[in-house]
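The structure appears right after this line, and notes come after that.
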Amino acid sequence: MNGQMGEKLKLKSQLQNIVRRSYKNDLVKHYVDRDDDAPVWSIFEVMTLGDLTSVCRSLPDEILADIASDLGLLHANPGIVINIVETIRPLRNAVAHNGAVFDSRFSQSVKYPKTDRNLAAVGELLDEDLSIGYRLNFNSIIDYIVLLAYLLTLLTHQKKRSRDFLRKCLRELEKLESAVGVDTYMMIVGSGDRQKYGFIEGFIDGYGRKR
C-alpha cells in the first residue's frame, strides 16, 4: 500500500508541476484562477512528450496495459507506450526546432552505437505487427515514417488518411532524391525504403481484418 500511495503522490505532484509551469496557458489558467482543479484533458493538452513519459512511468503496469490495449497494441508489453513516446520525442523536437530530419541525425540509433531499449522495443513491435522479418533500428527516416503511419492507422482507423500521409512523405523523399542524386540520397536516407513502404502499406490495407 505504501508503494502504491507513493506512486499516486508522485503522479499528483507531476501533474501539479505541469499546471504550475503552464499557468499562463488559458487551458489551465481559467481553472486555477477559479481555485478549481484543472481537468486532466487540459493538462494533457499542455504537457510535453517528456512530461507524458514521466506520467506514464508513474502509472501501474495494469493501467499501461489498458492504454496499450485501447491504442490497439494488443500483444505488446505495458511498457511499449513509454517506448513509443520516447522513440517519437527526438523527431518531434527536431521538427519543432527546425532541425534536419532526412538523415535521422536526431535518432538515438544514429547518435550512439549502443542499442537503445526504446528503439529496440518499438522495432520488435513493428516487426511482429507488420511481418517485416527483421527489427527496424530507426537509423533511417523511413523507419519513423513507418511508425507514424502505423500509429495513425491505429489511432484514427482511417486507412485513407494513413495512405495520404505515406504519399506525402514519399513525394518529399522523391524531391530529395531528384535534388541530390541517387548516391547521395542513399547516403542520407539509406536503402530498403520501397520495401519498408510495402510493409506498412500491406498493414494499412489489411487493417481491421484480423483485429
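Labels for the C-alpha cells follow display order: chains A, B, ..., residues from 1 in each chain, ligands from 1.
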Please extract the residues of stretch 4-186 of chain A with a backbone DSSP assignment of alpha helix (DSSP H) and present them as a PyMOL selection string. chain A and resi 4-21+26-33+40-46+49-57+61-70+80-96+108-111+117-130+141-156+159-180+182-186
Find the residues around A:Val101 up to 12 Å (only C-alpha atoms counted), leave out those fewer than 3 positions away in its own chain, and share them as a PDB file with N, CA, C and O atoms, in the first residue's frame.
```pdb
ATOM      1  N   PRO A  90      12.452  12.536 -29.955  1.00  0.00           N
ATOM      2  CA  PRO A  90      13.533  13.241 -30.638  1.00  0.00           C
ATOM      3  C   PRO A  90      13.127  13.776 -32.015  1.00  0.00           C
ATOM      4  O   PRO A  90      13.584  14.856 -32.424  1.00  0.00           O
ATOM      5  N   LEU A  91      12.272  13.036 -32.725  1.00  0.00           N
ATOM      6  CA  LEU A  91      11.784  13.507 -34.026  1.00  0.00           C
ATOM      7  C   LEU A  91      10.942  14.765 -33.847  1.00  0.00           C
ATOM      8  O   LEU A  91      11.109  15.746 -34.576  1.00  0.00           O
ATOM      9  N   ARG A  92      10.053  14.731 -32.870  1.00  0.00           N
ATOM     10  CA  ARG A  92       9.211  15.901 -32.601  1.00  0.00           C
ATOM     11  C   ARG A  92      10.078  17.113 -32.279  1.00  0.00           C
ATOM     12  O   ARG A  92       9.822  18.223 -32.760  1.00  0.00           O
ATOM     13  N   ASN A  93      11.099  16.928 -31.442  1.00  0.00           N
ATOM     14  CA  ASN A  93      11.964  18.035 -31.044  1.00  0.00           C
ATOM     15  C   ASN A  93      12.736  18.584 -32.237  1.00  0.00           C
ATOM     16  O   ASN A  93      12.909  19.806 -32.368  1.00  0.00           O
ATOM     17  N   ALA A  94      13.202  17.691 -33.104  1.00  0.00           N
ATOM     18  CA  ALA A  94      13.933  18.140 -34.292  1.00  0.00           C
ATOM     19  C   ALA A  94      13.032  18.971 -35.198  1.00  0.00           C
ATOM     20  O   ALA A  94      13.443  20.017 -35.712  1.00  0.00           O
ATOM     21  N   VAL A  95      11.801  18.526 -35.391  1.00  0.00           N
ATOM     22  CA  VAL A  95      10.850  19.260 -36.230  1.00  0.00           C
ATOM     23  C   VAL A  95      10.499  20.596 -35.583  1.00  0.00           C
ATOM     24  O   VAL A  95      10.465  21.639 -36.253  1.00  0.00           O
ATOM     25  N   ALA A  96      10.255  20.592 -34.278  1.00  0.00           N
ATOM     26  CA  ALA A  96       9.866  21.817 -33.575  1.00  0.00           C
ATOM     27  C   ALA A  96      10.955  22.875 -33.622  1.00  0.00           C
ATOM     28  O   ALA A  96      10.664  24.075 -33.623  1.00  0.00           O
ATOM     29  N   HIS A  97      12.221  22.443 -33.673  1.00  0.00           N
ATOM     30  CA  HIS A  97      13.346  23.383 -33.661  1.00  0.00           C
ATOM     31  C   HIS A  97      14.000  23.513 -35.039  1.00  0.00           C
ATOM     32  O   HIS A  97      15.141  23.944 -35.157  1.00  0.00           O
ATOM     33  N   ASN A  98      13.235  23.129 -36.063  1.00  0.00           N
ATOM     34  CA  ASN A  98      13.701  23.257 -37.447  1.00  0.00           C
ATOM     35  C   ASN A  98      15.024  22.521 -37.688  1.00  0.00           C
ATOM     36  O   ASN A  98      15.892  22.990 -38.436  1.00  0.00           O
ATOM     37  N   SER A 104      18.064  11.535 -40.174  1.00  0.00           N
ATOM     38  CA  SER A 104      17.777  10.961 -38.847  1.00  0.00           C
ATOM     39  C   SER A 104      18.882  11.232 -37.832  1.00  0.00           C
ATOM     40  O   SER A 104      19.094  10.429 -36.920  1.00  0.00           O
ATOM     41  N   ARG A 105      19.551  12.353 -37.959  1.00  0.00           N
ATOM     42  CA  ARG A 105      20.639  12.659 -37.016  1.00  0.00           C
ATOM     43  C   ARG A 105      20.117  12.853 -35.591  1.00  0.00           C
ATOM     44  O   ARG A 105      20.887  12.809 -34.640  1.00  0.00           O
ATOM     45  N   PHE A 106      18.813  13.067 -35.449  1.00  0.00           N
ATOM     46  CA  PHE A 106      18.192  13.233 -34.131  1.00  0.00           C
ATOM     47  C   PHE A 106      18.034  11.905 -33.400  1.00  0.00           C
ATOM     48  O   PHE A 106      17.822  11.877 -32.187  1.00  0.00           O
ATOM     49  N   SER A 107      18.096  10.790 -34.128  1.00  0.00           N
ATOM     50  CA  SER A 107      17.794   9.478 -33.561  1.00  0.00           C
ATOM     51  C   SER A 107      18.899   8.981 -32.634  1.00  0.00           C
ATOM     52  O   SER A 107      20.089   9.162 -32.910  1.00  0.00           O
ATOM     53  N   VAL A 110      21.392   6.807 -34.358  1.00  0.00           N
ATOM     54  CA  VAL A 110      22.450   7.467 -35.125  1.00  0.00           C
ATOM     55  C   VAL A 110      23.479   8.095 -34.196  1.00  0.00           C
ATOM     56  O   VAL A 110      24.685   8.069 -34.456  1.00  0.00           O
ATOM     57  N   PHE A 138      15.723   2.307 -36.683  1.00  0.00           N
ATOM     58  CA  PHE A 138      15.486   3.751 -36.630  1.00  0.00           C
ATOM     59  C   PHE A 138      16.736   4.587 -36.886  1.00  0.00           C
ATOM     60  O   PHE A 138      16.931   5.639 -36.286  1.00  0.00           O
ATOM     61  N   ASN A 139      17.565   4.095 -37.787  1.00  0.00           N
ATOM     62  CA  ASN A 139      18.678   4.916 -38.269  1.00  0.00           C
ATOM     63  C   ASN A 139      18.342   5.526 -39.628  1.00  0.00           C
ATOM     64  O   ASN A 139      19.191   6.097 -40.290  1.00  0.00           O
ATOM     65  N   SER A 140      17.087   5.398 -40.030  1.00  0.00           N
ATOM     66  CA  SER A 140      16.603   5.966 -41.286  1.00  0.00           C
ATOM     67  C   SER A 140      15.265   6.652 -41.043  1.00  0.00           C
ATOM     68  O   SER A 140      14.444   6.174 -40.253  1.00  0.00           O
ATOM     69  N   ILE A 141      15.034   7.762 -41.727  1.00  0.00           N
ATOM     70  CA  ILE A 141      13.767   8.479 -41.580  1.00  0.00           C
ATOM     71  C   ILE A 141      12.605   7.603 -42.032  1.00  0.00           C
ATOM     72  O   ILE A 141      11.470   7.771 -41.557  1.00  0.00           O
ATOM     73  N   ILE A 142      12.861   6.648 -42.912  1.00  0.00           N
ATOM     74  CA  ILE A 142      11.798   5.743 -43.367  1.00  0.00           C
ATOM     75  C   ILE A 142      11.216   4.977 -42.193  1.00  0.00           C
ATOM     76  O   ILE A 142      10.003   4.759 -42.116  1.00  0.00           O
ATOM     77  N   ASP A 143      12.068   4.556 -41.264  1.00  0.00           N
ATOM     78  CA  ASP A 143      11.580   3.804 -40.104  1.00  0.00           C
ATOM     79  C   ASP A 143      10.601   4.639 -39.279  1.00  0.00           C
ATOM     80  O   ASP A 143       9.596   4.118 -38.772  1.00  0.00           O
ATOM     81  N   TYR A 144      10.891   5.919 -39.148  1.00  0.00           N
ATOM     82  CA  TYR A 144       9.988   6.801 -38.410  1.00  0.00           C
ATOM     83  C   TYR A 144       8.684   7.020 -39.167  1.00  0.00           C
ATOM     84  O   TYR A 144       7.610   7.101 -38.556  1.00  0.00           O
ATOM     85  N   ILE A 145       8.773   7.131 -40.479  1.00  0.00           N
ATOM     86  CA  ILE A 145       7.557   7.274 -41.290  1.00  0.00           C
ATOM     87  C   ILE A 145       6.673   6.040 -41.137  1.00  0.00           C
ATOM     88  O   ILE A 145       5.445   6.144 -41.001  1.00  0.00           O
ATOM     89  N   GLU A 172       8.000  13.879 -50.830  1.00  0.00           N
ATOM     90  CA  GLU A 172       9.112  14.673 -50.304  1.00  0.00           C
ATOM     91  C   GLU A 172      10.441  13.941 -50.475  1.00  0.00           C
ATOM     92  O   GLU A 172      11.468  14.562 -50.789  1.00  0.00           O
ATOM     93  N   LEU A 173      10.429  12.647 -50.282  1.00  0.00           N
ATOM     94  CA  LEU A 173      11.651  11.863 -50.470  1.00  0.00           C
ATOM     95  C   LEU A 173      12.056  11.832 -51.932  1.00  0.00           C
ATOM     96  O   LEU A 173      13.251  11.867 -52.258  1.00  0.00           O
ATOM     97  N   LEU A 176      13.796  14.990 -52.702  1.00  0.00           N
ATOM     98  CA  LEU A 176      15.162  14.956 -52.181  1.00  0.00           C
ATOM     99  C   LEU A 176      16.068  14.168 -53.118  1.00  0.00           C
ATOM    100  O   LEU A 176      17.170  14.626 -53.453  1.00  0.00           O
ATOM    101  N   ILE A 188      22.041   9.505 -47.354  1.00  0.00           N
ATOM    102  CA  ILE A 188      21.234  10.243 -46.390  1.00  0.00           C
ATOM    103  C   ILE A 188      20.120   9.382 -45.808  1.00  0.00           C
ATOM    104  O   ILE A 188      19.937   9.312 -44.590  1.00  0.00           O
ATOM    105  N   VAL A 189      19.370   8.733 -46.673  1.00  0.00           N
ATOM    106  CA  VAL A 189      18.155   8.011 -46.269  1.00  0.00           C
ATOM    107  C   VAL A 189      18.405   6.531 -46.038  1.00  0.00           C
ATOM    108  O   VAL A 189      17.774   5.903 -45.190  1.00  0.00           O
TER     109      VAL A 189
END
```
Quick check, in Å to one decimal: how far apart do atom CA of A:Gln195 and atom CA of A:Ser109 lie? 20.3 Å
Selection near stretch 41-54 of chain A, 7 Å with only C-alpha atoms, sequence-local residues under 2 positions removed, as a CSV table (one decimal) with N, CA and C atoms, in the first residue's frame:
```csv
chain,number,residue,atom,x,y,z
A,18,ILE,N,3.1,20.4,-13.8
A,18,ILE,CA,2.8,20.8,-15.2
A,18,ILE,C,1.8,22.0,-15.2
A,19,VAL,N,0.8,22.0,-14.3
A,19,VAL,CA,-0.1,23.0,-14.2
A,19,VAL,C,0.6,24.3,-13.8
A,22,SER,N,2.6,25.8,-16.6
A,22,SER,CA,1.8,26.2,-17.8
A,22,SER,C,0.7,27.2,-17.4
A,27,LEU,N,-5.7,27.3,-21.2
A,27,LEU,CA,-6.3,26.0,-21.0
A,27,LEU,C,-6.3,25.6,-19.5
A,28,VAL,N,-5.3,26.1,-18.8
A,28,VAL,CA,-5.3,25.8,-17.3
A,28,VAL,C,-5.5,27.0,-16.5
A,38,ALA,N,-7.5,21.8,-12.5
A,38,ALA,CA,-7.5,21.7,-13.9
A,38,ALA,C,-7.9,20.3,-14.3
A,39,PRO,N,-8.9,20.2,-15.2
A,39,PRO,CA,-9.2,18.8,-15.7
A,39,PRO,C,-8.1,18.1,-16.4
A,56,CYS,N,3.6,8.5,-17.5
A,56,CYS,CA,3.4,7.0,-17.8
A,56,CYS,C,4.3,6.2,-16.8
A,57,ARG,N,5.5,6.6,-16.5
A,57,ARG,CA,6.3,5.9,-15.6
A,57,ARG,C,5.7,5.8,-14.2
A,58,SER,N,4.8,6.7,-13.9
A,58,SER,CA,4.2,6.6,-12.5
A,58,SER,C,3.0,5.8,-12.5
A,82,ILE,N,5.5,3.8,-23.2
A,82,ILE,CA,6.6,4.7,-23.0
A,82,ILE,C,7.7,4.5,-24.1
A,85,VAL,N,6.6,6.7,-27.1
A,85,VAL,CA,6.7,8.1,-26.8
A,85,VAL,C,8.2,8.5,-26.9
A,89,ARG,N,9.8,11.2,-29.5
A,89,ARG,CA,10.2,12.5,-28.9
A,89,ARG,C,11.3,13.2,-29.6
```
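Closest approach to A:Lys159 among A:Ile204, A:Leu11, A:Met186, A:Val81 is made by A:Ile204 (distances from only C-alpha atoms).
Going from atom CA of A:Gly190 over to atom CA of A:Asn83, you cover 23.7 Å.
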So which residues touch A:Ala149 within 12 Å, counting only C-alpha atoms, skipping near sequence neighbours fewer than 5 positions away, as a PyMOL selection string? chain A and resi 126+130+142-144+154-169+196-197+199-204+207
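Residues in contact range of A:Ala76, defined as at most 10 Å between only C-alpha atoms, with sequence neighbours fewer than 3 positions away removed, read Ala65, Ala68, Ser69, Gly72, Leu73, Gly79, Ile80, Val81, Ala121, Val122, Glu124, Leu125, Glu128 and Asp129 of chain A.
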